[in-house]
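Peer 1: Just my_file20.txt, nothing more (compact mmCIF, C-alpha atoms):
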```
# COMPACT_ATOMS: atom_id res chain seq x y z
CA MET I 1241 148.06 -42.72 94.12
CA LEU I 1242 144.33 -42.77 94.89
CA GLY I 1243 144.85 -40.38 97.79
CA GLU I 1244 146.75 -37.96 95.57
CA THR I 1245 144.01 -38.11 92.93
CA LEU I 1246 141.32 -37.37 95.51
CA ALA I 1247 143.36 -34.52 96.98
CA ALA I 1248 143.88 -33.03 93.52
CA GLY I 1249 140.15 -33.27 92.85
CA ARG I 1250 139.37 -31.48 96.11
CA ARG I 1251 141.83 -28.72 95.25
CA ARG I 1252 140.24 -28.25 91.82
CA ARG I 1253 136.76 -28.06 93.33
CA PHE I 1254 137.93 -25.61 96.00
CA ARG I 1255 139.68 -23.45 93.40
CA ARG I 1256 136.65 -23.40 91.09
CA ARG I 1257 134.31 -22.49 93.96
CA ALA I 1258 136.69 -19.75 95.12
CA ILE I 1259 136.82 -18.32 91.60
CA ALA I 1260 133.01 -18.43 91.38
CA ILE I 1261 132.60 -16.63 94.70
CA GLY I 1262 135.24 -14.07 93.77
CA GLY I 1263 133.56 -13.43 90.43
CA LEU I 1264 130.15 -13.02 92.05
CA LEU I 1265 131.56 -10.59 94.63
CA ALA I 1266 133.08 -8.55 91.80
CA VAL I 1267 129.73 -8.45 89.97
CA LEU I 1268 128.03 -7.38 93.21
CA ALA I 1269 130.55 -4.61 93.80
CA LEU I 1270 130.15 -3.30 90.26
CA GLY I 1271 126.35 -3.58 90.36
CA PHE I 1272 126.12 -1.89 93.75
CA GLY I 1273 128.39 0.93 92.64
CA ALA I 1274 126.47 1.40 89.38
CA SER I 1275 123.19 1.53 91.30
CA LEU I 1276 124.54 4.41 93.37
CA MET I 1277 125.98 6.30 90.39
CA ILE I 1278 123.31 5.87 87.69
CA GLY I 1279 119.87 7.49 87.75
CA ASP I 1280 118.14 10.63 86.54
CA ARG I 1281 121.45 12.28 87.32
CA VAL I 1282 124.75 10.44 87.03
CA TYR I 1283 127.39 10.91 89.73
CA GLY I 1284 131.03 9.91 89.44
CA PRO I 1285 132.72 7.37 91.72
CA GLY I 1286 134.50 10.13 93.64
CA THR I 1287 131.23 11.88 94.50
CA VAL I 1288 129.60 8.62 95.57
CA LEU I 1289 132.53 7.67 97.80
CA ALA I 1290 132.53 11.14 99.35
CA VAL I 1291 128.83 10.79 100.20
CA LEU I 1292 129.37 7.32 101.66
CA PHE I 1293 132.13 8.68 103.90
CA GLY I 1294 129.81 11.38 105.19
CA GLU I 1295 130.92 14.42 103.23
CA PRO I 1296 127.93 16.75 102.64
CA ILE I 1297 127.46 17.43 98.93
CA PRO I 1298 124.39 19.42 97.81
CA GLY I 1299 122.03 17.23 95.84
CA ALA I 1300 124.23 14.15 95.90
CA SER I 1301 123.95 13.60 99.64
CA PHE I 1302 120.19 13.27 99.40
CA THR I 1303 120.01 11.43 96.06
CA VAL I 1304 122.79 8.94 96.79
CA GLY I 1305 122.55 8.68 100.57
CA GLU I 1306 118.78 8.79 101.10
CA LEU I 1307 117.35 7.39 97.85
CA ARG I 1308 119.80 5.16 96.01
CA LEU I 1309 121.75 3.65 98.92
CA PRO I 1310 118.69 2.19 100.75
CA GLN I 1311 117.35 0.86 97.44
CA ALA I 1312 120.62 -0.81 96.47
CA THR I 1313 121.03 -2.21 99.99
CA LEU I 1314 117.52 -3.65 99.97
CA ALA I 1315 118.13 -5.19 96.54
CA LEU I 1316 121.33 -6.81 97.78
CA LEU I 1317 119.84 -8.14 101.03
CA GLY I 1318 116.60 -9.27 99.41
CA GLY I 1319 118.33 -11.02 96.55
CA PHE I 1320 120.74 -12.77 98.90
CA ALA I 1321 117.85 -13.95 101.10
CA PHE I 1322 115.85 -15.24 98.13
CA GLY I 1323 118.89 -16.98 96.68
CA ILE I 1324 120.08 -18.78 99.80
CA ALA I 1325 116.54 -19.72 100.91
CA GLY I 1326 115.67 -21.06 97.47
CA ALA I 1327 118.86 -23.14 97.29
CA THR I 1328 118.10 -24.55 100.74
CA PHE I 1329 114.65 -25.70 99.61
CA GLN I 1330 115.98 -27.15 96.36
CA THR I 1331 118.79 -29.07 98.07
CA LEU I 1332 116.59 -30.23 100.93
CA LEU I 1333 113.93 -31.59 98.59
CA GLY I 1334 116.34 -32.74 95.88
CA ASN I 1335 114.45 -30.94 93.11
CA PRO I 1336 115.27 -27.68 91.28
CA LEU I 1337 111.53 -26.96 91.03
CA ALA I 1338 111.27 -26.79 94.82
CA SER I 1339 111.62 -23.04 95.09
CA PRO I 1340 109.37 -20.74 97.13
CA ASP I 1341 107.95 -19.33 93.88
CA ILE I 1342 106.62 -22.75 92.92
CA LEU I 1343 105.74 -24.01 96.40
CA GLY I 1344 103.31 -21.23 97.29
CA VAL I 1345 105.22 -19.45 100.06
CA SER I 1346 105.44 -16.30 97.96
CA ALA I 1347 101.78 -16.70 96.98
CA GLY I 1348 100.83 -16.82 100.66
CA ALA I 1349 102.66 -13.58 101.31
CA GLY I 1350 101.02 -12.01 98.28
CA THR I 1351 97.49 -12.98 99.30
CA ALA I 1352 98.01 -11.66 102.82
CA ALA I 1353 99.46 -8.39 101.52
CA VAL I 1354 96.63 -7.84 99.04
CA PHE I 1355 94.11 -8.55 101.79
CA ALA I 1356 95.82 -5.95 103.98
CA ILE I 1357 95.76 -3.35 101.18
CA VAL I 1358 92.36 -4.02 99.60
CA VAL I 1359 90.18 -5.10 102.52
CA LEU I 1360 91.81 -3.49 105.55
CA GLY I 1361 93.37 -0.43 103.90
CA LEU I 1362 96.59 -0.75 105.89
CA ASP I 1363 99.79 1.21 105.37
CA GLU I 1364 103.10 -0.13 104.07
CA THR I 1365 104.44 -1.26 107.45
CA ALA I 1366 101.30 -3.16 108.39
CA THR I 1367 101.11 -4.68 104.90
CA ALA I 1368 104.68 -5.98 105.30
CA ALA I 1369 103.70 -7.54 108.65
CA PHE I 1370 100.71 -9.27 107.01
CA ALA I 1371 102.94 -10.54 104.18
CA LEU I 1372 105.42 -11.90 106.73
CA ALA I 1373 102.63 -13.74 108.56
CA GLY I 1374 101.14 -15.04 105.30
CA ALA I 1375 104.43 -16.53 104.12
CA ILE I 1376 105.10 -18.23 107.47
CA LEU I 1377 101.55 -19.63 107.78
CA THR I 1378 101.62 -20.95 104.21
CA ALA I 1379 104.96 -22.67 104.77
CA ALA I 1380 103.65 -24.15 108.03
CA ALA I 1381 100.56 -25.49 106.23
CA ILE I 1382 102.67 -27.07 103.46
CA PHE I 1383 105.05 -28.62 105.96
CA GLY I 1384 102.18 -29.88 108.15
CA PHE I 1385 100.23 -31.47 105.32
CA SER I 1386 103.30 -33.09 103.77
CA HIS I 1387 104.78 -34.37 107.04
CA THR I 1388 101.88 -36.57 108.14
CA ALA I 1389 103.46 -39.78 106.82
CA GLY I 1390 107.11 -38.85 106.84
CA PHE I 1391 108.96 -36.24 104.86
CA VAL I 1392 108.64 -36.89 101.12
CA GLY I 1393 109.92 -34.23 98.75
CA ALA I 1394 107.47 -34.97 95.93
CA ARG I 1395 104.47 -34.69 98.25
CA PHE I 1396 105.87 -31.44 99.69
CA ILE I 1397 106.15 -29.96 96.19
CA LEU I 1398 102.71 -31.11 95.02
CA ILE I 1399 100.98 -29.78 98.13
CA GLY I 1400 102.84 -26.50 97.70
CA ILE I 1401 101.76 -26.21 94.07
CA GLY I 1402 98.15 -26.91 95.05
CA LEU I 1403 98.17 -24.31 97.81
CA ALA I 1404 99.83 -21.81 95.48
CA ALA I 1405 96.99 -22.22 92.97
CA MET I 1406 94.38 -21.71 95.69
CA LEU I 1407 96.12 -18.63 97.05
CA GLN I 1408 96.57 -17.10 93.60
CA SER I 1409 92.85 -17.58 92.99
CA ALA I 1410 92.11 -15.82 96.29
CA THR I 1411 94.41 -12.96 95.27
CA SER I 1412 92.64 -12.62 91.92
CA TYR I 1413 89.27 -12.52 93.70
CA LEU I 1414 90.47 -9.77 96.05
CA LEU I 1415 91.83 -7.73 93.14
CA ALA I 1416 88.56 -8.13 91.20
CA ARG I 1417 86.64 -6.60 94.11
CA ALA I 1418 89.20 -3.89 94.90
CA ALA I 1419 88.76 -0.19 94.39
CA GLU I 1420 90.75 1.29 91.51
CA TRP I 1421 93.17 3.16 93.78
CA ASP I 1422 93.92 -0.01 95.77
CA ILE I 1423 94.62 -2.12 92.68
CA GLN I 1424 97.65 -0.03 91.74
CA SER I 1425 99.19 -0.38 95.21
CA ALA I 1426 98.48 -4.10 95.31
CA MET I 1427 99.88 -4.76 91.85
CA GLN I 1428 103.03 -2.76 92.60
CA TRP I 1429 103.59 -4.91 95.67
CA LEU I 1430 102.83 -8.16 93.84
CA SER I 1431 105.28 -7.29 91.07
CA GLY I 1432 108.17 -7.20 93.52
CA SER I 1433 109.95 -3.89 93.83
CA VAL I 1434 112.75 -2.23 95.78
CA SER I 1435 111.91 1.25 94.49
CA GLY I 1436 111.33 3.87 97.15
CA ALA I 1437 113.16 1.79 99.74
CA THR I 1438 113.84 3.36 103.12
CA TRP I 1439 116.10 2.33 105.99
CA GLU I 1440 112.97 1.56 108.06
CA ARG I 1441 111.85 -0.90 105.38
CA THR I 1442 115.32 -2.43 105.07
CA LEU I 1443 116.19 -2.78 108.75
CA PRO I 1444 113.98 -5.82 109.64
CA LEU I 1445 115.42 -7.79 106.71
CA ALA I 1446 118.97 -6.80 107.71
CA ILE I 1447 118.38 -8.03 111.27
CA ALA I 1448 116.79 -11.27 110.05
CA SER I 1449 119.67 -11.86 107.64
CA ALA I 1450 122.25 -11.30 110.38
CA ALA I 1451 120.49 -13.86 112.57
CA LEU I 1452 119.45 -16.52 110.03
CA VAL I 1453 122.10 -16.58 107.29
CA PRO I 1454 124.81 -17.88 109.69
CA VAL I 1455 122.43 -20.70 110.70
CA LEU I 1456 121.98 -21.76 107.10
CA VAL I 1457 125.70 -21.49 106.33
CA VAL I 1458 126.66 -23.54 109.40
CA LEU I 1459 124.15 -26.22 108.42
CA GLY I 1460 125.39 -26.19 104.83
CA LYS I 1461 127.62 -29.24 105.33
CA PRO I 1462 124.85 -31.43 106.87
CA LEU I 1463 122.58 -30.18 104.08
CA ASP I 1464 125.10 -31.45 101.52
CA LEU I 1465 124.95 -34.85 103.22
CA LEU I 1466 121.19 -34.91 102.62
CA ARG I 1467 121.92 -34.93 98.88
CA LEU I 1468 123.09 -38.51 99.41
CA GLY I 1469 119.74 -39.49 100.93
CA SER I 1470 118.34 -39.48 104.46
CA ASP I 1471 119.56 -43.00 105.26
CA THR I 1472 123.12 -42.27 104.16
CA ALA I 1473 123.16 -38.94 106.03
CA THR I 1474 121.93 -40.66 109.19
CA THR I 1475 124.60 -43.35 108.83
CA LEU I 1476 127.24 -40.61 108.57
CA GLY I 1477 126.05 -39.17 111.88
CA ALA I 1478 123.77 -36.33 110.80
CA PRO I 1479 120.63 -35.82 112.96
CA VAL I 1480 118.43 -35.66 109.88
CA PRO I 1481 114.99 -34.81 111.40
CA ARG I 1482 116.36 -31.99 113.55
CA ILE I 1483 118.50 -30.56 110.74
CA ARG I 1484 115.57 -30.67 108.35
CA VAL I 1485 113.28 -28.79 110.73
CA VAL I 1486 115.89 -26.11 111.50
CA LEU I 1487 116.67 -25.63 107.80
CA VAL I 1488 113.00 -25.29 106.89
CA LEU I 1489 112.30 -22.84 109.73
CA ALA I 1490 115.35 -20.68 109.04
CA SER I 1491 114.87 -20.54 105.27
CA VAL I 1492 111.13 -19.84 105.54
CA ALA I 1493 111.69 -17.06 108.08
CA LEU I 1494 114.41 -15.47 105.94
CA LEU I 1495 112.26 -15.75 102.83
CA ALA I 1496 109.27 -14.26 104.66
CA PHE I 1497 111.24 -11.20 105.79
CA ALA I 1498 112.60 -10.72 102.25
CA THR I 1499 109.13 -11.00 100.72
CA ALA I 1500 107.70 -8.58 103.28
CA ALA I 1501 110.39 -6.04 102.38
CA CYS I 1502 110.58 -6.46 98.59
CA GLY I 1503 107.42 -8.25 97.56
CA PRO I 1504 107.53 -11.65 95.83
CA ILE I 1505 110.33 -11.00 93.34
CA LEU I 1506 109.72 -13.73 90.80
CA PHE I 1507 112.13 -16.54 89.97
CA VAL I 1508 115.16 -15.28 91.94
CA ALA I 1509 114.89 -18.09 94.48
CA PHE I 1510 114.26 -20.48 91.59
CA MET I 1511 117.21 -19.46 89.41
CA ALA I 1512 119.92 -18.61 91.94
CA GLY I 1513 120.65 -22.17 93.13
CA PRO I 1514 121.05 -23.83 89.70
CA ILE I 1515 123.15 -20.93 88.39
CA ALA I 1516 125.39 -21.06 91.47
CA ALA I 1517 125.74 -24.83 91.14
CA ARG I 1518 126.90 -24.49 87.55
CA LEU I 1519 129.40 -21.81 88.49
CA SER I 1520 130.75 -23.69 91.52
CA GLY I 1521 130.97 -27.10 89.88
CA PRO I 1522 129.53 -30.51 90.83
CA GLY I 1523 129.60 -31.46 94.49
CA ALA I 1524 130.56 -28.00 95.77
CA PRO I 1525 128.59 -26.36 98.63
CA VAL I 1526 126.07 -24.11 96.97
CA LEU I 1527 124.37 -22.00 99.65
CA LEU I 1528 126.79 -19.06 99.80
CA PRO I 1529 127.22 -18.85 95.99
CA ALA I 1530 123.43 -19.07 95.63
CA GLY I 1531 122.95 -16.12 97.98
CA LEU I 1532 125.50 -14.07 96.06
CA THR I 1533 123.87 -15.07 92.76
CA GLY I 1534 120.45 -14.00 94.03
CA ALA I 1535 121.85 -10.65 95.18
CA ALA I 1536 123.49 -10.10 91.78
CA LEU I 1537 120.28 -10.99 89.94
CA VAL I 1538 118.17 -8.50 91.90
CA LEU I 1539 120.76 -5.72 91.79
CA LEU I 1540 121.27 -6.04 88.03
CA ALA I 1541 117.55 -6.48 87.31
CA ASP I 1542 116.74 -3.33 89.31
CA LEU I 1543 119.51 -1.42 87.53
CA ILE I 1544 118.11 -2.49 84.15
CA GLY I 1545 114.48 -1.91 85.05
CA GLN I 1546 115.04 1.56 86.48
CA ASN I 1547 117.66 3.01 84.15
CA LEU I 1548 118.34 1.10 80.96
CA LEU I 1549 114.89 0.72 79.34
CA ALA I 1550 112.50 3.19 77.75
CA GLU I 1551 110.10 2.85 80.71
CA ARG I 1552 110.77 2.08 84.36
CA TYR I 1553 109.79 -1.41 85.48
CA PRO I 1554 109.77 -3.06 88.92
CA VAL I 1555 112.57 -5.52 89.50
CA GLY I 1556 110.11 -8.44 89.59
CA VAL I 1557 109.06 -7.76 86.01
CA ILE I 1558 112.65 -8.06 84.80
CA THR I 1559 113.35 -11.26 86.75
CA GLY I 1560 110.04 -12.69 85.55
CA VAL I 1561 110.97 -12.06 81.91
CA VAL I 1562 114.25 -13.92 82.46
CA GLY I 1563 112.93 -16.64 84.79
CA ALA I 1564 109.89 -17.83 82.84
CA PRO I 1565 111.90 -19.05 79.81
CA TYR I 1566 114.37 -20.68 82.22
CA LEU I 1567 111.52 -22.62 83.84
CA ILE I 1568 110.27 -23.76 80.43
CA LEU I 1569 113.76 -24.90 79.39
CA LEU I 1570 114.15 -26.79 82.67
CA LEU I 1571 110.84 -28.59 82.16
CA ILE I 1572 111.82 -29.47 78.57
CA ARG I 1573 115.13 -30.89 79.82
CA PHE I 1574 113.32 -32.92 82.48
CA ASN I 1575 110.95 -34.28 79.83
CA ARG I 1576 113.84 -35.32 77.58
CA THR I 1577 115.68 -37.09 80.39
CA GLY I 1578 112.54 -38.76 81.69
CA ARG I 1579 112.76 -37.23 85.18
CA ALA I 1580 109.59 -36.72 87.21
```
Translate the structure described by the file into structure tokens.

Peer 2:
Amino acid sequence: MLGETLAAGRRRRFRRRAIAIGGLLAVLALGFGASLMIGDRVYGPGTVLAVLFGEPIPGASFTVGELRLPQATLALLGGFAFGIAGATFQTLLGNPLASPDILGVSAGAGTAAVFAIVVLGLDETATAAFALAGAILTAAAIFGFSHTAGFVGARFILIGIGLAAMLQSATSYLLARAAEWDIQSAMQWLSGSVSGATWERTLPLAIASAALVPVLVVLGKPLDLLRLGSDTATTLGAPVPRIRVVLVLASVALLAFATAACGPILFVAFMAGPIAARLSGPGAPVLLPAGLTGAALVLLADLIGQNLLAERYPVGVITGVVGAPYLILLLIRFNRTGRA
């Protein structure tokens, strides 16, 4: 009887997770298609499909194939990377506040990018390389400072918040001293945007995703064991220190490539994991649904910001408007339940 009850519970959890993933894939397909069809000029599904299959159509081939398709692809890849990396951090540290937005990884990328634009006057490619290095170095500093006496999630988060504040102050200082023409470029990058995406800008993130996402997915089961605590995971046979290091390295690298390509799109990494967990149900693996949720958030936010408002706004502005109230509600809920 107990075995049948447990089996039925597993089937329900599997079915709910499958429905969640299927629903997210449907949202992604609709959002991706809408991003290709809607703009200053609207094209029908038949025209878009013809362009995707290589048929030359005056006007549409350039607009859909060279402008909208790279932008939608970058939104999808960037959102997926932010979502799965954020969920990895949150699960690893056992705290929904442990997202790269809060921990300072995004702030490190932002400070490095602003330095490249304002001080060095570098182009977009070099700025992306600086942002990549800034994110990785910031994550390494957080991990190094928090790992001196064993891995403690609370210390990791507090050190990250402290470094984020320092880096944001440095960014503000650089912007205050910047020339007027540099401020606009820096602020556009800091807002987080996929507008004007090119295949050259998208390719590094695509390669990084192809290499790193399978690593995170494969380690998803050991990561779920870490929810039970390090001691329990070790007892169940998981090599906790090695898994933790690999997860941190893979998620930081993926996040760094996404930030270099899209800028620090606010709150996607923060929101994707909790939303995916609610959709998938308690105890279900969350990494893949979190990646799909992040991709859906960025795709839909870009669609709204570029086409459905009176003015055009970068995707990071839209996600910030949604994410800030979510953060406040989460903090209120923590306060009511007495959680630290």

Peer 1: Using only C-alpha atoms, which of I:Leu1415, I:Phe1329, I:Val1282, I:Thr1378 sits nearest Val1359 of chain I?

Peer 2: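 Ranking I:Leu1415, I:Phe1329, I:Val1282, I:Thr1378 by distance to Val1359 of chain I, first place goes to I:Leu1415.
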
Peer 1: Which of these, I:Leu1527, I:Leu1430, I:Ala1312, I:Ala1300, has the shortest distance to Leu1270 of chain I once you count only C-alpha atoms?

Peer 2: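 Among I:Leu1527, I:Leu1430, I:Ala1312, I:Ala1300, it is I:Ala1312 that comes nearest to Leu1270 of chain I.
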
Peer 1: Record the distance separating atom CA of Phe1254 of chain I and atom CA of Leu1466 of chain I, expressed in Å with one decimal.

Peer 2: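 Going from atom CA of Phe1254 of chain I over to atom CA of Leu1466 of chain I, I get 20.3 Å.
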
Peer 1: If we count all atoms listed in the file, what is near segment 1503-1509 of chain I at a cut-off of 6 Å, once residues fewer than 3 positions away on the same chain are taken out, given as a ChimeraX atom specification?

Peer 2: /I:1322-1323,1326,1339,1346,1429-1430,1432,1499-1500,1512,1534,1556,1559-1560,1563

Peer 1: Once you have the residues from the selection above, write them out as an mmCIF file, keeping the file's coordinate frame, restricted to C-alpha atoms.

Peer 2:
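Dumped everything to out_26.cif:
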```
data_model
loop_
_atom_site.group_PDB
_atom_site.id
_atom_site.type_symbol
_atom_site.label_atom_id
_atom_site.label_comp_id
_atom_site.auth_asym_id
_atom_site.auth_seq_id
_atom_site.Cartn_x
_atom_site.Cartn_y
_atom_site.Cartn_z
ATOM 1 C CA PHE I 1322 115.850 -15.240 98.130
ATOM 2 C CA GLY I 1323 118.890 -16.980 96.680
ATOM 3 C CA GLY I 1326 115.670 -21.060 97.470
ATOM 4 C CA SER I 1339 111.620 -23.040 95.090
ATOM 5 C CA SER I 1346 105.440 -16.300 97.960
ATOM 6 C CA TRP I 1429 103.590 -4.910 95.670
ATOM 7 C CA LEU I 1430 102.830 -8.160 93.840
ATOM 8 C CA GLY I 1432 108.170 -7.200 93.520
ATOM 9 C CA THR I 1499 109.130 -11.000 100.720
ATOM 10 C CA ALA I 1500 107.700 -8.580 103.280
ATOM 11 C CA ALA I 1512 119.920 -18.610 91.940
ATOM 12 C CA GLY I 1534 120.450 -14.000 94.030
ATOM 13 C CA GLY I 1556 110.110 -8.440 89.590
ATOM 14 C CA THR I 1559 113.350 -11.260 86.750
ATOM 15 C CA GLY I 1560 110.040 -12.690 85.550
ATOM 16 C CA GLY I 1563 112.930 -16.640 84.790
#
```

Peer 1: Name the residues in contact with Ala1490 of chain I at a cut-off of 9 Å, using all atoms listed in the file, excluding same-chain residues fewer than 5 positions from it; report them as an NGL selection string.

Peer 2: :I and (1325 or 1452-1453 or 1455-1456 or 1485 or 1495)

Peer 1: Got a sec to check which residues sit within 12 Å of (126.2, -27.3, 98.5), counting all atoms listed in the file, and write them as number ranges by chain?

Peer 2: I: 1253, 1257, 1324, 1327-1332, 1334, 1456-1468, 1513-1514, 1516-1531

Peer 1: One decimal, Å: what's the distance from atom CA of Leu1372 of chain I over to atom CA of Val1492 of chain I, could you say?

Peer 2: 9.9 Å

Peer 1: So which residues fall inside 9 Å of (105.0, -4.1, 103.5) if we count only C-alpha atoms? Mind giving them as a PDB file with C-alpha atoms, keeping the file's coordinate frame?

Peer 2:
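Output saved as point18.pdb:
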```pdb
ATOM      1  CA  ALA I1353      99.460  -8.390 101.520  1.00  0.00           C
ATOM      2  CA  ASP I1363      99.790   1.210 105.370  1.00  0.00           C
ATOM      3  CA  GLU I1364     103.100  -0.130 104.070  1.00  0.00           C
ATOM      4  CA  THR I1365     104.440  -1.260 107.450  1.00  0.00           C
ATOM      5  CA  ALA I1366     101.300  -3.160 108.390  1.00  0.00           C
ATOM      6  CA  THR I1367     101.110  -4.680 104.900  1.00  0.00           C
ATOM      7  CA  ALA I1368     104.680  -5.980 105.300  1.00  0.00           C
ATOM      8  CA  ALA I1369     103.700  -7.540 108.650  1.00  0.00           C
ATOM      9  CA  PHE I1370     100.710  -9.270 107.010  1.00  0.00           C
ATOM     10  CA  ALA I1371     102.940 -10.540 104.180  1.00  0.00           C
ATOM     11  CA  LEU I1372     105.420 -11.900 106.730  1.00  0.00           C
ATOM     12  CA  TRP I1429     103.590  -4.910  95.670  1.00  0.00           C
ATOM     13  CA  ARG I1441     111.850  -0.900 105.380  1.00  0.00           C
ATOM     14  CA  THR I1499     109.130 -11.000 100.720  1.00  0.00           C
ATOM     15  CA  ALA I1500     107.700  -8.580 103.280  1.00  0.00           C
ATOM     16  CA  ALA I1501     110.390  -6.040 102.380  1.00  0.00           C
ATOM     17  CA  CYS I1502     110.580  -6.460  98.590  1.00  0.00           C
ATOM     18  CA  GLY I1503     107.420  -8.250  97.560  1.00  0.00           C
TER      19      GLY I1503
END
```

Peer 1: Suppose you want the space between atom CA of Met1427 of chain I and atom CA of Pro1554 of chain I; what is it in Å?

Peer 2: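 The value is 10.5 Å.
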
Peer 1: Write out as a CSV table (one decimal) with C-alpha atoms, in the coordinates of the input each polymer residue whose atoms come within 9 Å of Ala1541 of chain I, counting only C-alpha atoms; drop sequence neighbours fewer than 4 positions from it.

Peer 2:
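Final file, around.csv:
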```
chain,number,residue,atom,x,y,z
I,1536,ALA,CA,123.5,-10.1,91.8
I,1537,LEU,CA,120.3,-11.0,89.9
I,1545,GLY,CA,114.5,-1.9,85.0
I,1546,GLN,CA,115.0,1.6,86.5
I,1554,PRO,CA,109.8,-3.1,88.9
I,1555,VAL,CA,112.6,-5.5,89.5
I,1556,GLY,CA,110.1,-8.4,89.6
I,1557,VAL,CA,109.1,-7.8,86.0
I,1558,ILE,CA,112.6,-8.1,84.8
I,1559,THR,CA,113.4,-11.3,86.8
```

Peer 1: May I ask which of the residues I:Thr1533, I:Leu1540, I:Val1561, I:Thr1438 is the closest one to Gly1262 of chain I, counting all atoms listed in the file?

Peer 2: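 Looking only at the distances to Gly1262 of chain I, the closest residue turns out to be I:Thr1533.
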
Peer 1: Could I get segment 1323-1340 of chain I rebuilt with N, CA and C atoms, written as a short mmCIF file (atom, residue, chain, number, x, y, z; two decimals), in the coordinates of the input?

Peer 2:
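Full text of part13.cif as output:
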```cif
data_model
loop_
_atom_site.label_atom_id
_atom_site.label_comp_id
_atom_site.auth_asym_id
_atom_site.auth_seq_id
_atom_site.Cartn_x
_atom_site.Cartn_y
_atom_site.Cartn_z
N GLY I 1323 117.99 -16.00 97.25
CA GLY I 1323 118.89 -16.98 96.68
C GLY I 1323 119.25 -18.10 97.63
N ILE I 1324 119.64 -17.75 98.87
CA ILE I 1324 120.08 -18.78 99.80
C ILE I 1324 118.89 -19.60 100.31
N ALA I 1325 117.72 -18.97 100.48
CA ALA I 1325 116.54 -19.72 100.91
C ALA I 1325 116.06 -20.67 99.81
N GLY I 1326 116.07 -20.19 98.57
CA GLY I 1326 115.67 -21.06 97.47
C GLY I 1326 116.58 -22.25 97.30
N ALA I 1327 117.91 -22.03 97.40
CA ALA I 1327 118.86 -23.14 97.29
C ALA I 1327 118.69 -24.14 98.42
N THR I 1328 118.34 -23.64 99.62
CA THR I 1328 118.10 -24.55 100.74
C THR I 1328 116.92 -25.47 100.45
N PHE I 1329 115.82 -24.90 99.96
CA PHE I 1329 114.65 -25.70 99.61
C PHE I 1329 115.00 -26.72 98.53
N GLN I 1330 115.68 -26.27 97.48
CA GLN I 1330 115.98 -27.15 96.36
C GLN I 1330 116.89 -28.30 96.77
N THR I 1331 117.88 -28.02 97.61
CA THR I 1331 118.79 -29.07 98.07
C THR I 1331 118.08 -30.00 99.04
N LEU I 1332 117.29 -29.43 99.93
CA LEU I 1332 116.59 -30.23 100.93
C LEU I 1332 115.62 -31.21 100.29
N LEU I 1333 114.93 -30.75 99.25
CA LEU I 1333 113.93 -31.59 98.59
C LEU I 1333 114.48 -32.32 97.37
N GLY I 1334 115.72 -32.04 97.00
CA GLY I 1334 116.34 -32.74 95.88
C GLY I 1334 115.68 -32.49 94.55
N ASN I 1335 115.17 -31.24 94.35
CA ASN I 1335 114.45 -30.94 93.11
C ASN I 1335 114.61 -29.45 92.81
N PRO I 1336 115.10 -29.10 91.60
CA PRO I 1336 115.27 -27.68 91.28
C PRO I 1336 113.96 -26.92 91.15
N LEU I 1337 112.83 -27.63 91.06
CA LEU I 1337 111.53 -26.96 91.03
C LEU I 1337 111.05 -26.57 92.42
N ALA I 1338 111.74 -27.02 93.45
CA ALA I 1338 111.27 -26.79 94.82
C ALA I 1338 111.72 -25.43 95.33
N SER I 1339 111.30 -24.38 94.64
CA SER I 1339 111.62 -23.04 95.09
C SER I 1339 110.38 -22.40 95.69
N PRO I 1340 110.54 -21.38 96.52
CA PRO I 1340 109.37 -20.74 97.13
C PRO I 1340 108.39 -20.17 96.12
#
```
